[in-house]
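Here the structure is laid out as structure tokens; the discussion comes afterwards.
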Number of protein chains: 2
Amino acid sequence: MAETTIRDRSIHRKAVRDYHWEGVDCVPYKDDGRALFKTVTRQVLFSDPELSGELRHFEVAPGGFSTLERHEHMHAVLILRGRGHCLVGSEVRRVELHDLVTVPPRTWHQFRATLDEPLGFLCMVNAGRDKPQLPTIEDVAALETDPEIAKFLDNCVAAS
Amino acid sequence: MAETTIRDRSIHRKAVRDYHWEGVDCVPYKDDGRALFKTVTRQVLFSDPELSGELRHFEVAPGGFSTLERHEHMHAVLILRGRGHCLVGSEVRRVELHDLVTVPPRTWHQFRATLDEPLGFLCMVNAGRDKPQLPTIEDVAALETDPEIAKFLDNCVAAS
């Protein structure tokens with residue numbers, strides 16, 4: 001895959017300071033200028049022709065948030081650092097260390113860090129997957145008919 | 001897959017005490033009576049028809065060890081708790097929190113906890129995969145021609 005950034009395929013890659021790993025590039029979350037997100041980095045921990053899944057680590061800085069998006073493929077998320085909130089479909093949940101989040105296919109989702117610490121999470125995906133779809137103004141308006149979702153999304157906008 | 005033990009497919013499953021998760025069964029590592037291992041549990045965190053990979057959490061009790069085995073499929077491991085050692089092919093490595101371990105196809109491997117704390121690790125695998133192969137006496141003898149591997153394997157036997 002074009003996004004693979006593993007430089008080191010050795011059997012043992014040590015965790016180094018502050019949630020980084022030997023031989024793993026830490027890159028900006030996305031190159032897509034359309035995507036609304038704030039202060040997110042991405043590290044691909046495992047990606048290999050022999051593996052049908054990939055494991056990535058995303059880190060959202062305090063007050064930051066990932067893109068609101070949906071796609072055909074699923075996300076399987078484990079919180080590795082900090083606390084925050086996520087929107088998955090019609091649910092806003094507070095998430096904390098080691099919590100599991102399942103993002104089903106075709107489901108709007110976004111992750112948001114608290115203001116005081118980074119939110120880091122592992123995300124397992126299929127190696128072969130579709131590109132994310134961004135919401136239209138109408139999609140956002142539909143989501144915001146739920147007051148809790150409106151508050152979640154407003155907080156993201158307010159923090160940007 | 002027959003081994004899938006997720007009872008709860010909700011979008012948010014909270015981490016509870018001592019590395020357990022809501023809606024996830026904690027089961028013995030293996031049912032195979034032939035396999036030499038000690039005090040290991042298994043929790044399947046993510047397994048879904050829409051995902052081509054699975055994410056499991058294994059915990060090896062202090063002094064315990066996983067089965068020495070090999071197979072066609074790969075393991076992608078992230079240490080989530082404690083410290084220990086692993087054998088991968090001809091390498092014995094000390095592993096600790098958040099280290100990454102890649103087990104290539106057809107490669108003998110085993111994980112061992114230290115005596116003072118559990119070793120917990122995430123393991124990503126392909127959902128479709130072959131069964132492990134156990135070593136013959138000749139395989140073990142060949143591995144033990146390396147003094148470091150011999151010491152690693154002897155420690156496992158001594159702890160059993």
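Following the order of the structure tokens, first chain is A, next is B, and so on, with residues numbered from 1 inside each chain and ligands from 1 in the order they appear.
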Expected answer as number ranges by chain: chain A residues within 7 Å of chain B, only C-alpha atoms: A: 11-15, 46, 50-53, 74, 76, 98-103, 126
Print the selection's residues with all heavy atoms to a file, as a tab-separated table (two decimals), in the first residue's frame.
```tsv
chain	number	residue	atom	x	y	z
A	11	ILE	N	12.59	-8.35	13.51
A	11	ILE	CA	11.62	-9.05	14.34
A	11	ILE	C	11.28	-8.29	15.62
A	11	ILE	O	10.25	-8.53	16.23
A	11	ILE	CB	12.11	-10.47	14.73
A	11	ILE	CG1	13.41	-10.39	15.52
A	11	ILE	CG2	12.24	-11.34	13.50
A	11	ILE	CD1	13.70	-11.65	16.29
A	12	HIS	N	12.14	-7.37	16.03
A	12	HIS	CA	11.92	-6.69	17.31
A	12	HIS	C	12.16	-5.20	17.13
A	12	HIS	O	13.26	-4.79	16.78
A	12	HIS	CB	12.87	-7.27	18.38
A	12	HIS	CG	12.69	-6.67	19.74
A	12	HIS	ND1	13.69	-6.67	20.69
A	12	HIS	CD2	11.63	-6.06	20.32
A	12	HIS	CE1	13.25	-6.08	21.79
A	12	HIS	NE2	12.00	-5.71	21.60
A	13	ARG	N	11.12	-4.42	17.33
A	13	ARG	CA	11.24	-2.96	17.25
A	13	ARG	C	10.83	-2.40	18.60
A	13	ARG	O	9.68	-2.54	19.01
A	13	ARG	CB	10.37	-2.42	16.10
A	13	ARG	CG	10.96	-2.77	14.73
A	13	ARG	CD	10.00	-2.44	13.61
A	13	ARG	NE	8.91	-3.40	13.57
A	13	ARG	CZ	7.66	-3.11	13.23
A	13	ARG	NH1	7.33	-1.87	12.91
A	13	ARG	NH2	6.74	-4.05	13.20
A	14	LYS	N	11.78	-1.78	19.26
A	14	LYS	CA	11.52	-1.34	20.63
A	14	LYS	C	10.66	-0.09	20.67
A	14	LYS	O	10.75	0.78	19.80
A	14	LYS	CB	12.85	-1.07	21.36
A	14	LYS	CG	13.64	-2.33	21.64
A	14	LYS	CD	14.76	-2.11	22.63
A	14	LYS	CE	14.28	-1.83	24.02
A	14	LYS	NZ	13.50	-2.92	24.64
A	15	ALA	N	9.83	-0.03	21.71
A	15	ALA	CA	9.10	1.20	22.00
A	15	ALA	C	10.09	2.19	22.58
A	15	ALA	O	10.87	1.85	23.47
A	15	ALA	CB	7.97	0.92	22.99
A	46	PHE	N	2.40	-2.27	11.89
A	46	PHE	CA	2.52	-3.54	11.16
A	46	PHE	C	1.81	-3.42	9.82
A	46	PHE	O	0.62	-3.07	9.76
A	46	PHE	CB	1.90	-4.70	11.95
A	46	PHE	CG	2.66	-5.09	13.18
A	46	PHE	CD1	2.20	-4.73	14.43
A	46	PHE	CD2	3.83	-5.82	13.09
A	46	PHE	CE1	2.90	-5.08	15.58
A	46	PHE	CE2	4.54	-6.18	14.23
A	46	PHE	CZ	4.07	-5.81	15.47
A	50	GLU	N	2.26	-10.50	3.93
A	50	GLU	CA	1.73	-11.74	4.50
A	50	GLU	C	0.57	-11.50	5.46
A	50	GLU	O	-0.04	-12.45	5.94
A	50	GLU	CB	2.84	-12.48	5.25
A	50	GLU	CG	4.01	-12.91	4.38
A	50	GLU	CD	3.73	-14.21	3.64
A	50	GLU	OE1	2.73	-14.87	3.97
A	50	GLU	OE2	4.51	-14.55	2.73
A	51	LEU	N	0.33	-10.24	5.80
A	51	LEU	CA	-0.75	-9.92	6.75
A	51	LEU	C	-1.93	-9.31	6.00
A	51	LEU	O	-1.76	-8.39	5.20
A	51	LEU	CB	-0.26	-8.91	7.79
A	51	LEU	CG	0.67	-9.41	8.89
A	51	LEU	CD1	1.21	-8.24	9.70
A	51	LEU	CD2	-0.06	-10.39	9.81
A	52	SER	N	-3.12	-9.80	6.29
A	52	SER	CA	-4.31	-9.23	5.63
A	52	SER	C	-4.83	-8.00	6.38
A	52	SER	O	-5.67	-7.28	5.87
A	52	SER	CB	-5.41	-10.28	5.51
A	52	SER	OG	-5.72	-10.81	6.77
A	53	GLY	N	-4.32	-7.76	7.57
A	53	GLY	CA	-4.67	-6.55	8.31
A	53	GLY	C	-3.45	-5.66	8.50
A	53	GLY	O	-2.31	-6.09	8.30
A	74	MET	N	-14.06	-1.51	8.11
A	74	MET	CA	-14.23	-1.36	9.56
A	74	MET	C	-12.96	-0.86	10.23
A	74	MET	O	-11.87	-1.03	9.70
A	74	MET	CB	-14.55	-2.73	10.19
A	74	MET	CG	-15.99	-3.12	10.15
A	74	MET	SD	-16.23	-4.69	11.03
A	74	MET	CE	-15.90	-4.18	12.74
A	76	ALA	N	-11.08	-1.31	14.03
A	76	ALA	CA	-11.04	-1.97	15.33
A	76	ALA	C	-10.00	-1.23	16.17
A	76	ALA	O	-8.81	-1.30	15.89
A	76	ALA	CB	-10.66	-3.44	15.16
A	98	HIS	N	-7.21	1.49	27.19
A	98	HIS	CA	-7.45	0.10	26.82
A	98	HIS	C	-8.89	-0.19	26.42
A	98	HIS	O	-9.22	-1.36	26.12
A	98	HIS	CB	-6.97	-0.88	27.90
A	98	HIS	CG	-5.49	-0.83	28.13
A	98	HIS	ND1	-4.89	-1.26	29.29
A	98	HIS	CD2	-4.48	-0.38	27.34
A	98	HIS	CE1	-3.58	-1.08	29.20
A	98	HIS	NE2	-3.31	-0.55	28.02
A	99	ASP	N	-9.77	0.80	26.40
A	99	ASP	CA	-11.12	0.59	25.89
A	99	ASP	C	-11.06	0.17	24.42
A	99	ASP	O	-10.14	0.54	23.68
A	99	ASP	CB	-11.95	1.88	25.98
A	99	ASP	CG	-12.51	2.14	27.37
A	99	ASP	OD1	-12.18	1.39	28.32
A	99	ASP	OD2	-13.27	3.11	27.51
A	100	LEU	N	-12.06	-0.59	24.02
A	100	LEU	CA	-12.18	-1.08	22.64
A	100	LEU	C	-13.32	-0.34	21.95
A	100	LEU	O	-14.40	-0.18	22.52
A	100	LEU	CB	-12.49	-2.58	22.62
A	100	LEU	CG	-11.54	-3.48	23.41
A	100	LEU	CD1	-12.05	-4.93	23.38
A	100	LEU	CD2	-10.13	-3.40	22.85
A	101	VAL	N	-13.10	0.08	20.72
A	101	VAL	CA	-14.13	0.74	19.93
A	101	VAL	C	-14.24	0.05	18.58
A	101	VAL	O	-13.23	-0.12	17.88
A	101	VAL	CB	-13.82	2.25	19.73
A	101	VAL	CG1	-14.92	2.90	18.87
A	101	VAL	CG2	-13.68	2.97	21.06
A	102	THR	N	-15.44	-0.35	18.23
A	102	THR	CA	-15.71	-0.96	16.92
A	102	THR	C	-16.43	0.06	16.05
A	102	THR	O	-17.49	0.56	16.43
A	102	THR	CB	-16.60	-2.21	17.06
A	102	THR	OG1	-15.90	-3.19	17.84
A	102	THR	CG2	-16.95	-2.80	15.71
A	103	VAL	N	-15.84	0.38	14.91
A	103	VAL	CA	-16.50	1.26	13.95
A	103	VAL	C	-16.99	0.39	12.80
A	103	VAL	O	-16.21	-0.08	11.98
A	103	VAL	CB	-15.54	2.35	13.41
A	103	VAL	CG1	-16.26	3.24	12.41
A	103	VAL	CG2	-14.97	3.16	14.56
A	126	ASN	N	-8.40	-3.64	7.50
A	126	ASN	CA	-8.03	-4.52	6.40
A	126	ASN	C	-6.96	-3.84	5.54
A	126	ASN	O	-7.03	-2.62	5.30
A	126	ASN	CB	-9.24	-4.82	5.53
A	126	ASN	CG	-10.30	-5.62	6.27
A	126	ASN	OD1	-10.03	-6.21	7.32
A	126	ASN	ND2	-11.50	-5.63	5.72
```
Shell around Asp116 (chain A) at 10 Å using only C-alpha atoms, local window under 3 positions removed, as a list in words: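 Surrounding residues, per the criterion: Ala61, Pro62, Gly63, Gly82, Arg83, Gly84, Ala113 and Leu119 of chain A.
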Could those selected residues go to a file with N, CA and C atoms, as a short mmCIF file (atom, residue, chain, number, x, y, z; two decimals), in the first residue's frame?
```
data_model
loop_
_atom_site.label_atom_id
_atom_site.label_comp_id
_atom_site.auth_asym_id
_atom_site.auth_seq_id
_atom_site.Cartn_x
_atom_site.Cartn_y
_atom_site.Cartn_z
N ALA A 61 -3.37 15.16 19.52
CA ALA A 61 -2.84 16.05 20.56
C ALA A 61 -3.99 16.60 21.42
N PRO A 62 -3.68 17.11 22.62
CA PRO A 62 -4.73 17.68 23.47
C PRO A 62 -5.58 18.68 22.69
N GLY A 63 -6.88 18.55 22.76
CA GLY A 63 -7.78 19.45 22.04
C GLY A 63 -7.93 19.12 20.56
N GLY A 82 -4.16 8.01 27.22
CA GLY A 82 -5.00 9.16 27.47
C GLY A 82 -6.49 8.82 27.47
N ARG A 83 -7.26 9.89 27.29
CA ARG A 83 -8.71 9.80 27.33
C ARG A 83 -9.28 10.72 26.27
N GLY A 84 -10.53 10.51 25.97
CA GLY A 84 -11.18 11.39 25.01
C GLY A 84 -12.61 10.95 24.79
N ALA A 113 -9.53 14.16 21.50
CA ALA A 113 -8.75 14.12 22.75
C ALA A 113 -9.33 15.09 23.76
N LEU A 119 -4.54 11.77 23.10
CA LEU A 119 -5.29 10.53 22.97
C LEU A 119 -4.59 9.68 21.92
#
```
Strand (DSSP E or B) residues, from DSSP on the backbone, in region 52-144 of chain B, as a ChimeraX atom specification: /B:53-65,69-70,75-81,84-88,91-95,100-103,109-113,119-126,133
Would you mind exporting the chosen residues as a compact mmCIF listing (two decimals), in the first residue's frame, restricted to N, CA and C atoms?
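again-v8.txt, freshly written:
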```txt
# COMPACT_ATOMS: atom_id res chain seq x y z
N GLY B 53 -8.43 -9.41 9.59
CA GLY B 53 -7.53 -9.76 10.68
C GLY B 53 -8.29 -9.95 11.99
N GLU B 54 -7.63 -10.55 12.95
CA GLU B 54 -8.18 -10.66 14.30
C GLU B 54 -7.16 -10.08 15.26
N LEU B 55 -7.68 -9.51 16.37
CA LEU B 55 -6.79 -9.00 17.41
C LEU B 55 -7.12 -9.72 18.71
N ARG B 56 -6.10 -10.37 19.25
CA ARG B 56 -6.28 -11.12 20.48
C ARG B 56 -5.37 -10.56 21.56
N HIS B 57 -5.71 -10.82 22.82
CA HIS B 57 -4.81 -10.49 23.93
C HIS B 57 -4.48 -11.78 24.67
N PHE B 58 -3.18 -12.04 24.78
CA PHE B 58 -2.72 -13.20 25.52
C PHE B 58 -2.04 -12.72 26.80
N GLU B 59 -2.26 -13.46 27.86
CA GLU B 59 -1.54 -13.12 29.09
C GLU B 59 -0.86 -14.36 29.64
N VAL B 60 0.45 -14.22 29.82
CA VAL B 60 1.27 -15.29 30.35
C VAL B 60 1.56 -14.94 31.81
N ALA B 61 1.18 -15.82 32.73
CA ALA B 61 1.40 -15.55 34.16
C ALA B 61 2.89 -15.54 34.47
N PRO B 62 3.28 -14.96 35.62
CA PRO B 62 4.70 -14.94 35.98
C PRO B 62 5.30 -16.35 35.92
N GLY B 63 6.42 -16.48 35.25
CA GLY B 63 7.06 -17.78 35.10
C GLY B 63 6.44 -18.66 34.02
N GLY B 64 5.39 -18.19 33.38
CA GLY B 64 4.73 -18.99 32.35
C GLY B 64 5.31 -18.76 30.97
N PHE B 65 4.82 -19.54 30.01
CA PHE B 65 5.32 -19.42 28.63
C PHE B 65 4.29 -19.95 27.66
N GLU B 69 6.15 -23.11 18.79
CA GLU B 69 5.44 -23.57 17.60
C GLU B 69 5.84 -22.75 16.39
N ARG B 70 5.38 -23.20 15.21
CA ARG B 70 5.54 -22.41 13.99
C ARG B 70 4.35 -22.71 13.08
N HIS B 75 2.55 -13.55 12.91
CA HIS B 75 2.06 -12.87 14.11
C HIS B 75 2.61 -11.45 14.13
N ALA B 76 1.76 -10.51 14.50
CA ALA B 76 2.17 -9.12 14.71
C ALA B 76 1.83 -8.79 16.16
N VAL B 77 2.86 -8.65 17.00
CA VAL B 77 2.68 -8.61 18.46
C VAL B 77 3.07 -7.23 19.02
N LEU B 78 2.26 -6.75 19.95
CA LEU B 78 2.59 -5.53 20.71
C LEU B 78 2.45 -5.86 22.20
N ILE B 79 3.53 -5.64 22.94
CA ILE B 79 3.52 -5.97 24.38
C ILE B 79 2.65 -4.93 25.10
N LEU B 80 1.66 -5.41 25.84
CA LEU B 80 0.72 -4.48 26.49
C LEU B 80 0.93 -4.42 28.00
N ARG B 81 1.65 -5.39 28.53
CA ARG B 81 1.80 -5.46 29.99
C ARG B 81 3.05 -6.26 30.36
N GLY B 84 9.33 -9.65 29.49
CA GLY B 84 9.63 -11.06 29.32
C GLY B 84 10.66 -11.24 28.24
N HIS B 85 10.70 -12.43 27.70
CA HIS B 85 11.60 -12.73 26.60
C HIS B 85 10.81 -13.45 25.52
N CYS B 86 11.27 -13.29 24.29
CA CYS B 86 10.69 -14.10 23.22
C CYS B 86 11.80 -14.73 22.40
N LEU B 87 11.48 -15.89 21.88
CA LEU B 87 12.31 -16.54 20.87
C LEU B 87 11.58 -16.39 19.55
N VAL B 88 12.27 -15.84 18.55
CA VAL B 88 11.72 -15.77 17.19
C VAL B 88 12.82 -16.23 16.25
N GLU B 91 16.60 -15.84 17.26
CA GLU B 91 16.83 -14.67 18.12
C GLU B 91 16.06 -14.80 19.43
N VAL B 92 16.76 -14.55 20.53
CA VAL B 92 16.10 -14.40 21.83
C VAL B 92 16.18 -12.91 22.19
N ARG B 93 15.03 -12.31 22.46
CA ARG B 93 15.01 -10.88 22.77
C ARG B 93 14.26 -10.62 24.07
N ARG B 94 14.76 -9.66 24.81
CA ARG B 94 14.04 -9.18 25.98
C ARG B 94 13.00 -8.19 25.49
N VAL B 95 11.77 -8.34 25.92
CA VAL B 95 10.71 -7.46 25.45
C VAL B 95 10.05 -6.77 26.64
N LEU B 100 7.33 -4.02 19.78
CA LEU B 100 6.69 -4.73 18.67
C LEU B 100 7.52 -5.96 18.31
N VAL B 101 6.85 -7.08 18.08
CA VAL B 101 7.53 -8.30 17.66
C VAL B 101 6.85 -8.84 16.41
N THR B 102 7.64 -9.07 15.38
CA THR B 102 7.13 -9.67 14.15
C THR B 102 7.57 -11.13 14.10
N VAL B 103 6.62 -12.03 13.99
CA VAL B 103 6.95 -13.45 13.82
C VAL B 103 6.66 -13.80 12.37
N HIS B 109 8.68 -19.91 17.45
CA HIS B 109 8.56 -18.76 18.36
C HIS B 109 7.95 -19.18 19.69
N GLN B 110 8.29 -18.45 20.71
CA GLN B 110 7.75 -18.69 22.05
C GLN B 110 7.91 -17.40 22.86
N PHE B 111 6.94 -17.15 23.75
CA PHE B 111 6.99 -15.98 24.63
C PHE B 111 7.06 -16.46 26.08
N ARG B 112 7.86 -15.77 26.87
CA ARG B 112 8.04 -16.18 28.26
C ARG B 112 7.97 -14.96 29.17
N ALA B 113 7.17 -15.06 30.23
CA ALA B 113 7.07 -13.97 31.20
C ALA B 113 8.25 -14.03 32.16
N LEU B 119 3.10 -11.27 31.64
CA LEU B 119 3.42 -10.69 30.33
C LEU B 119 2.14 -10.74 29.49
N GLY B 120 1.64 -9.55 29.14
CA GLY B 120 0.43 -9.49 28.31
C GLY B 120 0.78 -8.91 26.97
N PHE B 121 0.21 -9.47 25.91
CA PHE B 121 0.50 -8.91 24.59
C PHE B 121 -0.69 -9.05 23.65
N LEU B 122 -0.80 -8.04 22.77
CA LEU B 122 -1.75 -8.09 21.67
C LEU B 122 -1.11 -8.87 20.53
N CYS B 123 -1.91 -9.64 19.81
CA CYS B 123 -1.40 -10.38 18.66
C CYS B 123 -2.41 -10.27 17.51
N MET B 124 -1.97 -9.64 16.42
CA MET B 124 -2.80 -9.54 15.22
C MET B 124 -2.43 -10.69 14.29
N VAL B 125 -3.45 -11.38 13.78
CA VAL B 125 -3.26 -12.48 12.83
C VAL B 125 -4.30 -12.37 11.72
N ASN B 126 -4.05 -13.07 10.64
CA ASN B 126 -5.07 -13.20 9.61
C ASN B 126 -6.24 -14.05 10.14
N GLN B 133 2.29 -25.85 14.09
CA GLN B 133 3.05 -27.10 14.08
C GLN B 133 3.94 -27.12 15.32
```
Interatomic distance, CA of Asp139 (chain B) to CA of Thr114 (chain B) (Å, one decimal):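 Rounded to one decimal, the two atoms are 24.9 Å apart.
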Extract the full set of alpha helix (DSSP H) residues from region 47-142 of chain A according to DSSP on the backbone, and format it as a PDB file with N, CA and C atoms, in the first residue's frame.
```pdb
ATOM      1  N   ILE A 137     -22.573  19.096   3.947  1.00  0.00           N
ATOM      2  CA  ILE A 137     -23.235  19.986   4.911  1.00  0.00           C
ATOM      3  C   ILE A 137     -24.539  19.346   5.397  1.00  0.00           C
ATOM      4  N   GLU A 138     -25.226  18.679   4.475  1.00  0.00           N
ATOM      5  CA  GLU A 138     -26.490  18.024   4.838  1.00  0.00           C
ATOM      6  C   GLU A 138     -26.242  16.858   5.804  1.00  0.00           C
ATOM      7  N   ASP A 139     -25.164  16.116   5.580  1.00  0.00           N
ATOM      8  CA  ASP A 139     -24.840  15.005   6.499  1.00  0.00           C
ATOM      9  C   ASP A 139     -24.599  15.540   7.912  1.00  0.00           C
ATOM     10  N   VAL A 140     -23.832  16.620   8.006  1.00  0.00           N
ATOM     11  CA  VAL A 140     -23.530  17.187   9.325  1.00  0.00           C
ATOM     12  C   VAL A 140     -24.815  17.695   9.987  1.00  0.00           C
ATOM     13  N   ALA A 141     -25.660  18.348   9.183  1.00  0.00           N
ATOM     14  CA  ALA A 141     -26.925  18.854   9.737  1.00  0.00           C
ATOM     15  C   ALA A 141     -27.780  17.706  10.270  1.00  0.00           C
ATOM     16  N   ALA A 142     -27.786  16.600   9.545  1.00  0.00           N
ATOM     17  CA  ALA A 142     -28.566  15.432   9.995  1.00  0.00           C
ATOM     18  C   ALA A 142     -28.005  14.891  11.305  1.00  0.00           C
TER      19      ALA A 142
END
```
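When CA of Ser66 (chain A) is paired with CA of Arg42 (chain A), their separation reads 10.8 Å.
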